[in-house]
$ cat structure_9.cif   # mmCIF, C-alpha atoms
data_work
#
loop_
_atom_site.label_atom_id
_atom_site.label_comp_id
_atom_site.auth_asym_id
_atom_site.auth_seq_id
_atom_site.Cartn_x
_atom_site.Cartn_y
_atom_site.Cartn_z
CA MET A 1 0.00 0.00 0.00
CA ALA A 2 1.36 3.40 -1.02
CA LEU A 3 0.97 5.86 1.84
CA VAL A 4 0.76 9.62 1.55
CA ASN A 5 3.15 12.04 3.20
CA ILE A 6 0.68 13.17 5.84
CA HIS A 7 2.47 16.48 6.32
CA PHE A 8 1.17 17.59 2.92
CA LEU A 9 -2.34 17.10 4.27
CA ASN A 10 -1.57 19.69 6.94
CA LEU A 11 -1.12 22.42 4.34
CA GLN A 12 -3.89 24.95 4.17
CA GLN A 13 -6.33 24.15 1.39
CA ASN A 14 -4.88 26.45 -1.25
CA TYR A 15 -1.79 28.52 -1.89
CA LEU A 16 -2.61 32.21 -1.33
CA PHE A 17 -2.32 33.23 -4.97
CA ALA A 18 -4.40 30.26 -6.10
CA ASP A 19 -7.18 31.49 -3.80
CA ILE A 20 -6.93 34.95 -5.32
CA ALA A 21 -7.08 33.57 -8.87
CA LYS A 22 -10.12 31.48 -7.96
CA LYS A 23 -12.01 34.50 -6.57
CA VAL A 24 -11.05 36.70 -9.53
CA ASN A 25 -12.12 34.04 -12.03
CA ALA A 26 -15.46 33.68 -10.26
CA PHE A 27 -15.95 37.45 -10.50
CA LYS A 28 -15.14 37.38 -14.23
CA VAL A 29 -17.70 34.63 -14.84
CA MET A 30 -20.39 36.75 -13.17
CA HIS A 31 -19.18 39.97 -14.83
CA PRO A 32 -17.81 38.93 -18.26
CA LYS A 33 -17.60 42.50 -19.54
CA ALA A 34 -15.66 43.83 -16.55
CA ASP A 35 -12.08 44.93 -17.21
CA VAL A 36 -10.18 43.74 -14.14
CA ILE A 37 -6.81 45.34 -13.35
CA SER A 38 -4.48 43.34 -11.12
CA LEU A 39 -2.28 45.12 -8.62
CA GLY A 40 -2.03 41.90 -6.64
CA ILE A 41 0.28 39.10 -7.76
CA GLY A 42 3.83 40.34 -8.22
CA ASP A 43 4.38 39.39 -11.86
CA VAL A 44 6.25 41.85 -14.05
CA THR A 45 4.80 43.42 -17.20
CA GLN A 46 7.66 45.19 -18.98
CA PRO A 47 9.47 43.27 -21.74
CA LEU A 48 12.97 41.87 -21.41
CA CYS A 49 15.61 44.51 -22.06
CA PRO A 50 17.37 44.53 -25.48
CA ALA A 51 20.69 43.27 -24.13
CA VAL A 52 18.99 40.20 -22.68
CA VAL A 53 16.98 39.51 -25.83
CA GLU A 54 20.10 39.78 -27.97
CA ALA A 55 21.95 37.35 -25.69
CA MET A 56 19.08 34.86 -25.85
CA HIS A 57 18.94 35.03 -29.64
CA LYS A 58 22.67 34.42 -29.79
CA ALA A 59 22.40 31.48 -27.39
CA VAL A 60 19.55 29.93 -29.41
CA SER A 61 21.63 30.26 -32.57
CA GLU A 62 24.52 28.53 -30.82
CA MET A 63 22.22 25.69 -29.81
CA ALA A 64 21.30 25.24 -33.49
CA THR A 65 24.86 24.20 -34.38
CA ALA A 66 26.78 21.05 -33.54
CA ASP A 67 29.72 23.00 -32.12
CA GLY A 68 27.58 25.40 -30.12
CA PHE A 69 25.03 22.95 -28.77
CA HIS A 70 24.79 22.61 -24.99
CA GLY A 71 23.17 19.63 -23.30
CA TYR A 72 23.23 19.04 -19.57
CA GLY A 73 25.11 21.88 -17.93
CA PRO A 74 26.81 21.90 -14.53
CA GLU A 75 24.21 21.59 -11.77
CA GLN A 76 25.72 24.56 -9.93
CA GLY A 77 25.71 26.77 -13.04
CA TYR A 78 28.11 27.83 -15.76
CA ASP A 79 31.27 29.61 -14.67
CA PHE A 80 30.64 32.57 -16.99
CA LEU A 81 27.52 33.55 -15.01
CA ARG A 82 28.91 32.71 -11.58
CA GLU A 83 31.98 34.86 -12.27
CA ALA A 84 29.78 37.76 -13.42
CA ILE A 85 27.72 37.50 -10.23
CA VAL A 86 30.75 37.50 -7.94
CA LYS A 87 32.32 40.42 -9.76
CA ASN A 88 29.26 42.65 -10.13
CA ASP A 89 26.95 41.85 -7.22
CA PHE A 90 29.47 41.28 -4.44
CA ALA A 91 33.03 42.41 -5.18
CA THR A 92 31.75 45.94 -5.85
CA ARG A 93 30.43 45.98 -2.27
CA GLY A 94 33.65 44.70 -0.75
CA ILE A 95 32.34 41.14 -0.36
CA ARG A 96 34.72 38.33 -1.25
CA LEU A 97 33.15 35.16 -2.61
CA GLY A 98 34.43 32.21 -4.60
CA ILE A 99 32.44 31.13 -7.64
CA ASP A 100 32.03 27.72 -5.99
CA GLU A 101 29.91 29.49 -3.35
CA VAL A 102 27.41 30.53 -6.05
CA PHE A 103 24.67 28.13 -7.14
CA ILE A 104 22.55 29.07 -10.16
CA ASN A 105 18.89 28.07 -9.95
CA ASP A 106 15.61 28.46 -11.84
CA GLY A 107 14.36 31.20 -9.52
CA ALA A 108 14.61 32.00 -5.84
CA LYS A 109 11.26 30.38 -5.02
CA SER A 110 12.70 26.92 -5.71
CA ASP A 111 15.75 27.28 -3.51
CA THR A 112 14.03 29.09 -0.63
CA GLY A 113 11.58 26.21 -0.54
CA ASN A 114 14.12 23.42 -1.05
CA PHE A 115 16.97 24.51 1.18
CA GLN A 116 15.20 23.44 4.36
CA GLU A 117 15.61 19.82 3.17
CA LEU A 118 19.19 19.96 4.47
CA LEU A 119 18.01 20.56 8.05
CA HIS A 120 16.69 18.15 10.68
CA TRP A 121 12.91 17.99 10.82
CA ASP A 122 12.64 19.29 14.40
CA ASN A 123 14.61 22.50 14.00
CA PHE A 124 12.68 25.40 15.51
CA ILE A 125 12.08 28.09 12.88
CA GLY A 126 11.44 31.78 13.30
CA VAL A 127 9.83 34.02 10.68
CA THR A 128 9.13 37.70 10.48
CA ASP A 129 5.37 38.08 10.27
CA PRO A 130 3.94 38.78 7.70
CA ILE A 131 6.14 36.76 5.38
CA TYR A 132 6.31 35.09 1.95
CA PRO A 133 4.12 31.93 2.26
CA VAL A 134 6.66 29.57 0.68
CA TYR A 135 8.92 29.75 3.73
CA ILE A 136 6.21 28.36 5.99
CA ASP A 137 4.60 25.92 3.55
CA SER A 138 7.86 24.22 2.63
CA ASN A 139 8.55 23.58 6.31
CA VAL A 140 5.03 22.26 6.82
CA MET A 141 5.71 19.72 4.07
CA ILE A 142 8.51 18.15 6.09
CA GLY A 143 6.59 18.20 9.38
CA ARG A 144 8.55 20.97 11.05
CA CYS A 145 5.76 23.42 11.90
CA GLY A 146 3.60 21.49 14.36
CA THR A 147 -0.17 21.91 14.22
CA TRP A 148 -2.39 24.66 12.81
CA ARG A 149 -4.35 26.53 15.44
CA ASP A 150 -6.11 29.88 15.25
CA GLY A 151 -4.31 31.00 12.10
CA ARG A 152 -0.78 30.02 13.08
CA TRP A 153 1.53 27.02 13.43
CA SER A 154 2.38 25.76 16.91
CA ASN A 155 6.09 25.16 16.26
CA VAL A 156 6.88 28.45 14.51
CA ARG A 157 8.10 31.60 16.24
CA TYR A 158 6.23 34.48 14.65
CA MET A 159 8.04 37.82 14.95
CA PRO A 160 5.54 40.59 14.14
CA THR A 161 6.66 43.35 11.79
CA THR A 162 3.89 45.92 11.87
CA ALA A 163 3.33 49.65 11.93
CA GLU A 164 3.19 49.48 15.72
CA ASN A 165 6.86 48.40 15.98
CA GLY A 166 8.04 50.39 12.98
CA PHE A 167 8.34 47.20 10.92
CA VAL A 168 11.43 46.28 12.94
CA PRO A 169 10.98 42.75 14.33
CA GLU A 170 12.27 42.02 17.81
CA LEU A 171 14.91 39.36 18.33
CA PRO A 172 13.39 36.07 19.58
CA LYS A 173 12.99 35.85 23.34
CA GLY A 174 12.88 32.71 25.44
CA ARG A 175 13.63 29.52 23.53
CA PRO A 176 16.24 30.31 20.84
CA VAL A 177 15.27 29.61 17.25
CA ASP A 178 17.45 27.39 15.08
CA VAL A 179 16.55 28.73 11.64
CA ILE A 180 15.59 32.35 10.90
CA TYR A 181 13.89 33.53 7.70
CA LEU A 182 14.55 37.15 6.78
CA CYS A 183 13.44 38.89 3.57
CA TYR A 184 14.67 42.42 2.82
CA PRO A 185 13.51 44.50 1.09
CA ASN A 186 10.51 42.76 2.54
CA ASN A 187 7.81 40.94 0.68
CA PRO A 188 5.00 41.79 1.39
CA THR A 189 5.46 45.02 3.38
CA GLY A 190 7.98 46.71 1.07
CA THR A 191 9.98 47.86 4.10
CA VAL A 192 13.76 47.60 4.56
CA ILE A 193 16.27 46.88 7.30
CA THR A 194 19.15 49.11 8.34
CA ARG A 195 22.72 47.94 8.61
CA GLN A 196 22.58 48.24 12.39
CA GLU A 197 19.39 46.18 12.61
CA LEU A 198 20.76 43.49 10.31
CA ARG A 199 23.92 43.32 12.44
CA ARG A 200 21.73 42.50 15.47
CA TRP A 201 20.34 39.47 13.63
CA VAL A 202 23.77 38.25 12.58
CA ASN A 203 25.03 38.62 16.16
CA TYR A 204 21.99 36.69 17.42
CA ALA A 205 22.64 33.87 14.95
CA LEU A 206 26.33 33.66 15.86
CA LYS A 207 25.57 33.65 19.59
CA ASN A 208 22.86 30.97 19.33
CA ASP A 209 24.41 28.88 16.53
CA ALA A 210 21.40 29.62 14.36
CA LEU A 211 21.14 29.69 10.57
CA ILE A 212 19.76 32.73 8.73
CA LEU A 213 18.07 32.14 5.37
CA PHE A 214 18.17 35.62 3.83
CA ASP A 215 15.97 36.38 0.83
CA ALA A 216 17.35 39.39 -1.07
CA ALA A 217 15.22 38.99 -4.19
CA TYR A 218 14.34 42.70 -4.24
CA GLN A 219 17.73 44.19 -3.37
CA ALA A 220 18.01 45.90 -6.79
CA TYR A 221 15.13 48.22 -5.82
CA ILE A 222 16.96 49.78 -2.86
CA GLN A 223 17.39 53.51 -3.46
CA ASP A 224 19.36 54.48 -0.32
CA PRO A 225 23.08 53.57 -0.46
CA GLU A 226 23.15 53.16 3.32
CA ILE A 227 20.73 50.22 3.24
CA PRO A 228 22.52 46.86 2.85
CA HIS A 229 21.92 44.89 -0.34
CA SER A 230 23.45 41.70 1.03
CA ILE A 231 23.68 40.13 4.47
CA TYR A 232 27.37 39.53 3.75
CA GLU A 233 27.97 43.25 4.15
CA ILE A 234 27.75 42.41 7.86
CA ARG A 235 30.88 40.93 9.43
CA GLY A 236 30.41 37.34 10.53
CA ALA A 237 27.47 36.62 8.22
CA ARG A 238 29.54 34.18 6.17
CA LYS A 239 29.46 31.85 9.19
CA CYS A 240 25.71 31.88 9.72
CA ALA A 241 23.81 32.92 6.60
CA VAL A 242 22.69 31.65 3.20
CA GLU A 243 21.44 34.26 0.72
CA PHE A 244 18.91 33.86 -2.08
CA ARG A 245 18.61 36.16 -5.08
CA SER A 246 16.51 36.25 -8.22
CA PHE A 247 16.53 37.84 -11.66
CA SER A 248 12.74 37.57 -11.84
CA LYS A 249 11.88 41.05 -10.56
CA THR A 250 15.33 42.54 -11.20
CA ALA A 251 15.38 41.86 -14.94
CA GLY A 252 11.89 40.58 -15.76
CA PHE A 253 12.83 36.90 -15.70
CA THR A 254 9.55 35.59 -14.27
CA GLY A 255 9.04 33.71 -17.54
CA VAL A 256 12.72 32.99 -18.19
CA ARG A 257 13.53 31.49 -14.76
CA CYS A 258 16.96 32.18 -13.35
CA GLY A 259 18.36 33.18 -9.98
CA TYR A 260 21.07 32.09 -7.58
CA THR A 261 21.87 31.10 -4.02
CA ILE A 262 25.01 31.93 -2.08
CA VAL A 263 26.21 29.19 0.29
CA PRO A 264 29.52 30.28 1.87
CA LYS A 265 32.01 27.56 2.71
CA ASP A 266 32.17 28.95 6.26
CA VAL A 267 28.54 28.22 7.12
CA SER A 268 27.86 24.87 8.80
CA VAL A 269 25.31 23.02 10.90
CA ALA A 270 25.77 20.36 13.58
CA THR A 271 25.03 16.68 14.00
CA PHE A 272 23.71 15.33 17.31
CA GLU A 273 27.28 14.26 18.06
CA GLY A 274 28.54 17.83 17.58
CA GLU A 275 30.25 17.32 14.22
CA ARG A 276 30.09 20.39 11.98
CA ILE A 277 28.75 19.80 8.46
CA PRO A 278 29.50 22.46 5.82
CA LEU A 279 26.32 23.39 4.00
CA ASN A 280 28.16 24.24 0.78
CA GLN A 281 29.10 20.63 0.07
CA LEU A 282 25.74 19.34 1.30
CA TRP A 283 23.84 21.70 -1.01
CA LEU A 284 26.08 20.74 -3.93
CA ARG A 285 25.32 17.08 -3.26
CA ARG A 286 21.61 17.78 -3.09
CA GLN A 287 21.60 19.78 -6.31
CA CYS A 288 23.59 17.16 -8.20
CA THR A 289 20.98 14.58 -7.19
CA LYS A 290 17.76 16.57 -7.66
CA PHE A 291 18.52 19.36 -10.14
CA ASN A 292 19.77 19.23 -13.72
CA GLY A 293 20.75 22.86 -13.86
CA THR A 294 19.26 26.03 -15.33
CA SER A 295 19.10 26.20 -19.11
CA TYR A 296 22.10 27.52 -21.03
CA ILE A 297 19.87 30.08 -22.76
CA SER A 298 18.58 31.47 -19.45
CA GLN A 299 22.09 31.72 -18.04
CA ARG A 300 23.39 33.59 -21.09
CA ALA A 301 20.41 35.92 -20.72
CA ALA A 302 21.29 36.51 -17.05
CA GLU A 303 24.93 37.16 -17.93
CA ALA A 304 23.82 39.94 -20.28
CA ILE A 305 22.32 42.04 -17.49
CA TYR A 306 25.87 42.59 -16.20
CA SER A 307 27.07 44.14 -19.46
CA PRO A 308 27.26 47.96 -19.49
CA GLU A 309 24.19 48.11 -21.74
CA GLY A 310 22.37 45.52 -19.66
CA LYS A 311 22.98 47.34 -16.40
CA GLN A 312 21.64 50.60 -17.82
CA GLN A 313 18.58 48.96 -19.38
CA VAL A 314 17.70 46.97 -16.25
CA GLN A 315 17.94 50.11 -14.14
CA GLN A 316 15.54 51.86 -16.51
CA THR A 317 12.99 49.10 -15.97
CA ILE A 318 13.46 49.18 -12.20
CA GLN A 319 12.91 52.94 -12.15
CA TYR A 320 9.82 52.46 -14.33
CA TYR A 321 8.26 50.27 -11.63
CA MET A 322 9.42 52.56 -8.85
CA GLN A 323 7.67 55.46 -10.57
CA ASN A 324 4.49 53.40 -10.30
CA ALA A 325 5.19 52.81 -6.61
CA SER A 326 5.74 56.50 -5.96
CA ARG A 327 2.55 57.42 -7.79
CA MET A 328 0.55 54.78 -5.89
CA LEU A 329 1.87 55.99 -2.55
CA ALA A 330 0.99 59.58 -3.35
CA VAL A 331 -2.56 58.84 -4.48
CA LEU A 332 -3.46 56.32 -1.78
CA ARG A 333 -2.15 58.58 0.97
CA ARG A 334 -4.04 61.53 -0.49
CA LEU A 335 -7.18 59.42 -0.32
CA GLY A 336 -6.55 58.93 3.39
CA PHE A 337 -5.11 55.40 3.38
CA GLU A 338 -2.25 54.49 5.71
CA CYS A 339 0.53 53.10 3.48
CA TYR A 340 4.06 51.75 3.91
CA GLY A 341 6.83 50.48 1.65
CA GLY A 342 7.08 51.59 -1.95
CA GLU A 343 10.32 53.55 -1.48
CA HIS A 344 12.89 50.75 -1.72
CA ALA A 345 10.66 47.97 -3.01
CA PRO A 346 7.89 47.58 -5.61
CA TYR A 347 5.26 46.82 -2.95
CA ILE A 348 2.78 49.04 -1.13
CA TRP A 349 1.50 47.73 2.22
CA MET A 350 -1.79 49.42 3.07
CA ARG A 351 -3.87 49.25 6.23
CA THR A 352 -7.53 48.55 5.53
CA PRO A 353 -9.94 51.22 6.80
CA ASP A 354 -12.52 50.88 9.57
CA SER A 355 -11.26 47.51 10.85
CA THR A 356 -12.20 45.83 7.58
CA THR A 357 -10.59 42.39 7.27
CA SER A 358 -8.08 41.74 4.50
CA TRP A 359 -10.36 39.46 2.50
CA GLN A 360 -13.35 41.76 2.97
CA PHE A 361 -11.38 44.69 1.53
CA PHE A 362 -10.12 42.47 -1.30
CA GLU A 363 -13.69 41.65 -2.33
CA GLN A 364 -14.96 45.19 -1.86
CA LEU A 365 -12.19 46.54 -4.09
CA LEU A 366 -12.69 43.81 -6.69
CA TYR A 367 -16.45 44.30 -6.94
CA GLY A 368 -16.44 48.05 -6.42
CA ALA A 369 -13.46 49.13 -8.55
CA HIS A 370 -12.58 45.97 -10.52
CA VAL A 371 -9.06 46.16 -9.06
CA VAL A 372 -7.19 43.22 -7.50
CA CYS A 373 -4.99 43.50 -4.40
CA THR A 374 -3.50 40.78 -2.18
CA PRO A 375 -5.06 40.16 1.27
CA GLY A 376 -2.41 40.70 3.92
CA VAL A 377 -3.59 37.88 6.17
CA GLY A 378 -2.43 35.45 3.49
CA PHE A 379 1.13 36.35 4.51
CA GLY A 380 0.65 35.57 8.19
CA PRO A 381 -1.45 36.51 11.24
CA SER A 382 0.12 39.97 11.53
CA GLY A 383 -0.97 40.69 7.98
CA GLU A 384 -4.62 40.83 8.98
CA GLY A 385 -6.00 44.30 8.43
CA TYR A 386 -3.60 45.02 5.55
CA VAL A 387 -3.50 44.49 1.80
CA ARG A 388 -0.58 44.50 -0.63
CA PHE A 389 -0.41 46.36 -3.92
CA THR A 390 2.34 45.77 -6.48
CA ALA A 391 3.93 48.35 -8.74
CA PHE A 392 4.66 45.89 -11.55
CA GLY A 393 1.88 47.06 -13.86
CA SER A 394 2.22 49.41 -16.78
CA HIS A 395 1.99 53.15 -16.18
CA GLU A 396 -1.32 53.20 -18.02
CA LYS A 397 -2.91 50.32 -16.07
CA THR A 398 -1.62 51.69 -12.77
CA GLU A 399 -3.08 55.14 -13.46
CA GLU A 400 -6.41 53.63 -14.49
CA ALA A 401 -6.51 51.49 -11.34
CA LEU A 402 -5.80 54.52 -9.15
CA LYS A 403 -8.56 56.50 -10.87
CA ARG A 404 -10.99 53.66 -10.20
CA ILE A 405 -9.94 53.44 -6.55
CA GLU A 406 -10.37 57.19 -6.13
CA LYS A 407 -13.81 57.10 -7.72
CA TRP A 408 -14.78 54.07 -5.62
CA THR A 409 -13.71 55.69 -2.34
CA LYS A 410 -15.93 58.67 -3.09
#

$ encode --input "structure_9.cif" --output "structure tokens"
Amino acid sequence: MALVNIHFLNLQQNYLFADIAKKVNAFKVMHPKADVISLGIGDVTQPLCPAVVEAMHKAVSEMATADGFHGYGPEQGYDFLREAIVKNDFATRGIRLGIDEVFINDGAKSDTGNFQELLHWDNFIGVTDPIYPVYIDSNVMIGRCGTWRDGRWSNVRYMPTTAENGFVPELPKGRPVDVIYLCYPNNPTGTVITRQELRRWVNYALKNDALILFDAAYQAYIQDPEIPHSIYEIRGARKCAVEFRSFSKTAGFTGVRCGYTIVPKDVSVATFEGERIPLNQLWLRRQCTKFNGTSYISQRAAEAIYSPEGKQQVQQTIQYYMQNASRMLAVLRRLGFECYGGEHAPYIWMRTPDSTTSWQFFEQLLYGAHVVCTPGVGFGPSGEGYVRFTAFGSHEKTEEALKRIEKWTK
């Protein structure tokens, strides 16, 4: 008899964005002529930049020849891309990495979900709350989160990041956590962490022999040079942190699929006997077994964003989205809504008015203005009473959505 992994049965019925799609589709069935504008799911809308397109065309042409054809590539990625990453994303910030500490993937979502496989099932995890759902769900799948009660998991330390504490989570008190998930710039709140605050987390991890899983997928949107782009800008982080990055929102690769994970050789975890196991070699072994590598075409495309032309073109696209964010902030605040984020990230985190729940506001906005947002409670218990807007639409769609919201509020 084949038996199910019962931990999968503990997952909540649907993934947040599947629930949103279901509700939006139901609305469209009832209102087939309605023009719905989505400011909810964080998919990009602007086309790939010319440097990337040119690199992809060149790579496809190579693949059409016997000499230029590429089959299975190295599971950890081609050296040409890993070298470009080390040189452009880290060396320029005074961070020294070896290319064998860089692992190319098919997007940060995969690795942030898969990395927990390397850790014992009863590690105690801590998450800032609200947080990207994949962090929690992937741990539920292995049986690490306990039981679901009153909107939270019993074996997860939730660390609220709300307007009341300035979106600065407190360090865990009482029982130390073993694994800490941090995401900055934050998804969903759009807020950032200062160098001093990030140093507190690194010091906590070093003191308590904890592992930080640091998601920096939105670091390219940081506008203030004083805000850290990488956790490795903090001394000691190489011993306690793994960092995830993505080209999805940076360069519009949501449909191309490419990102990378940094696993320093200095970071290790323990066995019950006290032996230290380097995560770099363990992750390499895992990838060689379960992953056949990112496509050659995608990696050549990613390499192109580090060319002089690519850098300029990618920055133009980032500023395009940040113009949307700035415009959204200005209009929503003028309408009397309490908003956060949007200055160093493409997300606006808005408090719902009059104690309206997240899902209630979602439905009111959908039916009243034909605009889609993301209910904050889907990101964790502290997200209740908030919704998330994304700035990834076109200028035209964003302006139209804001006009509808303004008309609806009146």

$ atom_distance --input "structure_9.cif" --atom1 "CA of Ile348 in chain A" --atom2 "CA of Glu406 in chain A"
16.3 Å

$ residues_near_point --input "structure_9.cif" --point "(19.7, 20.7, -14.3)" --cutoff "10 Å" --atoms "all atoms listed in the file" --output "ChimeraX atom specification"
/A:71-77,104-106,287-296

$ write_last_selection --input "structure_9.cif" --atoms "C-alpha atoms" --output "PDB file, in the frame of the given file"
ATOM      1  CA  GLY A  71      23.170  19.630 -23.300  1.00  0.00           C
ATOM      2  CA  TYR A  72      23.230  19.040 -19.570  1.00  0.00           C
ATOM      3  CA  GLY A  73      25.110  21.880 -17.930  1.00  0.00           C
ATOM      4  CA  PRO A  74      26.810  21.900 -14.530  1.00  0.00           C
ATOM      5  CA  GLU A  75      24.210  21.590 -11.770  1.00  0.00           C
ATOM      6  CA  GLN A  76      25.720  24.560  -9.930  1.00  0.00           C
ATOM      7  CA  GLY A  77      25.710  26.770 -13.040  1.00  0.00           C
ATOM      8  CA  ILE A 104      22.550  29.070 -10.160  1.00  0.00           C
ATOM      9  CA  ASN A 105      18.890  28.070  -9.950  1.00  0.00           C
ATOM     10  CA  ASP A 106      15.610  28.460 -11.840  1.00  0.00           C
ATOM     11  CA  GLN A 287      21.600  19.780  -6.310  1.00  0.00           C
ATOM     12  CA  CYS A 288      23.590  17.160  -8.200  1.00  0.00           C
ATOM     13  CA  THR A 289      20.980  14.580  -7.190  1.00  0.00           C
ATOM     14  CA  LYS A 290      17.760  16.570  -7.660  1.00  0.00           C
ATOM     15  CA  PHE A 291      18.520  19.360 -10.140  1.00  0.00           C
ATOM     16  CA  ASN A 292      19.770  19.230 -13.720  1.00  0.00           C
ATOM     17  CA  GLY A 293      20.750  22.860 -13.860  1.00  0.00           C
ATOM     18  CA  THR A 294      19.260  26.030 -15.330  1.00  0.00           C
ATOM     19  CA  SER A 295      19.100  26.200 -19.110  1.00  0.00           C
ATOM     20  CA  TYR A 296      22.100  27.520 -21.030  1.00  0.00           C
TER      21      TYR A 296
END

$ closest_residue --input "structure_9.cif" --among "A:Ala216, A:Ile234, A:Ile37, A:Ala108" --to "Gly94 in chain A" --atoms "only C-alpha atoms"
A:Ile234

$ residues_around --input "structure_9.cif" --residues "Arg327 in chain A" --least-positions-apart "5" --cutoff "12 Å" --atoms "all atoms listed in the file" --output "list in words"
Tyr320, Tyr321, Met322, Leu332, Arg333, Arg334, Gly342, Glu343, Pro346, Tyr347, Ile348, Thr390, Ala391, His395, Glu396, Thr398, Glu399, Glu400, Ala401, Leu402 and Lys403 of chain A

$ closest_residue --input "structure_9.cif" --among "A:Phe103, A:Phe272, A:Phe379, A:Phe90" --to "Arg152 in chain A" --atoms "all atoms listed in the file"
A:Phe379

$ residues_around --input "structure_9.cif" --residues "Ser307 in chain A" --least-positions-apart "6" --cutoff "12 Å" --atoms "only C-alpha atoms" --output "list of chain:residue names"
A:Cys49, A:Pro50, A:Ala51, A:Val52, A:Glu54, A:Ala55, A:Leu81, A:Ala84, A:Ile85, A:Lys87, A:Asn88, A:Arg300, A:Ala301, A:Gln313, A:Val314

$ closest_residue --input "structure_9.cif" --among "A:Gly380, A:Pro353, A:Gly393, A:Pro133" --to "Tyr158 in chain A" --atoms "only C-alpha atoms"
A:Gly380

$ resolve_selection --input "structure_9.cif" --expression "the PyMOL selection byres ((chain A and resi 282) around 12)" --output "PyMOL selection string"
chain A and resi 101+115-119+263-265+267-269+276-281+283-289

$ residues_around --input "structure_9.cif" --residues "Pro47 in chain A" --least-positions-apart "3" --cutoff "9 Å" --atoms "all atoms listed in the file" --output "list in words"
Val44, Pro50, Gly252 and Thr317 of chain A

$ atom_distance --input "structure_9.cif" --atom1 "CA of Ala302 in chain A" --atom2 "CA of Tyr184 in chain A"
21.8 Å

$ residues_around --input "structure_9.cif" --residues "Gly68 in chain A" --least-positions-apart "4" --cutoff "12 Å" --atoms "only C-alpha atoms" --output "list of chain:residue names"
A:Lys58, A:Ala59, A:Val60, A:Ser61, A:Glu62, A:Met63, A:Ala64, A:Tyr296, A:Ile297

$ closest_atom_pairs --input "structure_9.cif" --of "range 64-162 of chain A" --to "range 167-183 of chain A" --cutoff "10 Å" --atoms "all atoms listed in the file" --output "Markdown table"
| residue | atom | partner | partner_atom | distance |
| --- | --- | --- | --- | --- |
| A:Thr112 | CA | A:Tyr181 | CA | 9.4 |
| A:Gln116 | CA | A:Val179 | CA | 9.1 |
| A:Leu119 | CA | A:Val179 | CA | 9.0 |
| A:Asp122 | CA | A:Asp178 | CA | 9.4 |
| A:Asn123 | CA | A:Asp178 | CA | 5.8 |
| A:Phe124 | CA | A:Asp178 | CA | 5.2 |
| A:Ile125 | CA | A:Val179 | CA | 4.7 |
| A:Gly126 | CA | A:Ile180 | CA | 4.8 |
| A:Val127 | CA | A:Tyr181 | CA | 5.1 |
| A:Thr128 | CA | A:Leu182 | CA | 6.6 |
| A:Asp129 | CA | A:Pro169 | CA | 8.4 |
| A:Ile131 | CA | A:Cys183 | CA | 7.8 |
| A:Tyr132 | CA | A:Cys183 | CA | 8.2 |
| A:Tyr135 | CA | A:Tyr181 | CA | 7.4 |
| A:Ile136 | CA | A:Tyr181 | CA | 9.4 |
| A:Val156 | CA | A:Val177 | CA | 8.9 |
| A:Arg157 | CA | A:Val177 | CA | 7.5 |
| A:Tyr158 | CA | A:Pro172 | CA | 8.8 |
| A:Met159 | CA | A:Pro169 | CA | 5.8 |
| A:Pro160 | CA | A:Pro169 | CA | 5.9 |
| A:Thr161 | CA | A:Phe167 | CA | 4.3 |
| A:Thr162 | CA | A:Phe167 | CA | 4.7 |

$ residues_near_point --input "structure_9.cif" --point "(28.5, 36.5, 8.5)" --cutoff "12 Å" --atoms "only C-alpha atoms" --output "ChimeraX atom specification"
/A:95-96,198-207,209-214,230-243,263-268

$ atom_distance --input "structure_9.cif" --atom1 "CA of Arg404 in chain A" --atom2 "CA of Ala369 in chain A"
5.4 Å

$ axis_aligned_box --input "structure_9.cif" --around "range 15-25 of chain A" --padding-each-side "4 Å" --output "JSON"
{"center_x": -7.0, "center_y": 32.6, "center_z": -6.7, "size_x": 18.3, "size_y": 16.2, "size_z": 18.7}

$ residues_around --input "structure_9.cif" --residues "Glu226 in chain A" --least-positions-apart "2" --cutoff "12 Å" --atoms "only C-alpha atoms" --output "MDAnalysis selection string"
chainID A and resid 93 192:196 222:224 228:230 233 344

$ decode --input "structure_9.cif" --residues "range 21-25 of chain A" --atoms "N, CA, C and O atoms" --output "PDB file, in the first residue's frame"
ATOM      1  N   ALA A  21      -6.696  33.859  -7.482  1.00  0.00           N
ATOM      2  CA  ALA A  21      -7.076  33.567  -8.869  1.00  0.00           C
ATOM      3  C   ALA A  21      -8.483  32.974  -8.933  1.00  0.00           C
ATOM      4  O   ALA A  21      -9.277  33.313  -9.826  1.00  0.00           O
ATOM      5  N   LYS A  22      -8.800  32.109  -7.987  1.00  0.00           N
ATOM      6  CA  LYS A  22     -10.123  31.483  -7.956  1.00  0.00           C
ATOM      7  C   LYS A  22     -11.211  32.534  -7.766  1.00  0.00           C
ATOM      8  O   LYS A  22     -12.248  32.515  -8.453  1.00  0.00           O
ATOM      9  N   LYS A  23     -11.002  33.460  -6.842  1.00  0.00           N
ATOM     10  CA  LYS A  23     -12.007  34.496  -6.574  1.00  0.00           C
ATOM     11  C   LYS A  23     -12.129  35.466  -7.753  1.00  0.00           C
ATOM     12  O   LYS A  23     -13.235  35.902  -8.099  1.00  0.00           O
ATOM     13  N   VAL A  24     -10.999  35.798  -8.378  1.00  0.00           N
ATOM     14  CA  VAL A  24     -11.046  36.700  -9.526  1.00  0.00           C
ATOM     15  C   VAL A  24     -11.748  36.032 -10.704  1.00  0.00           C
ATOM     16  O   VAL A  24     -12.553  36.660 -11.405  1.00  0.00           O
ATOM     17  N   ASN A  25     -11.464  34.760 -10.937  1.00  0.00           N
ATOM     18  CA  ASN A  25     -12.120  34.043 -12.031  1.00  0.00           C
ATOM     19  C   ASN A  25     -13.626  33.946 -11.813  1.00  0.00           C
ATOM     20  O   ASN A  25     -14.413  34.064 -12.763  1.00  0.00           O
TER      21      ASN A  25
END
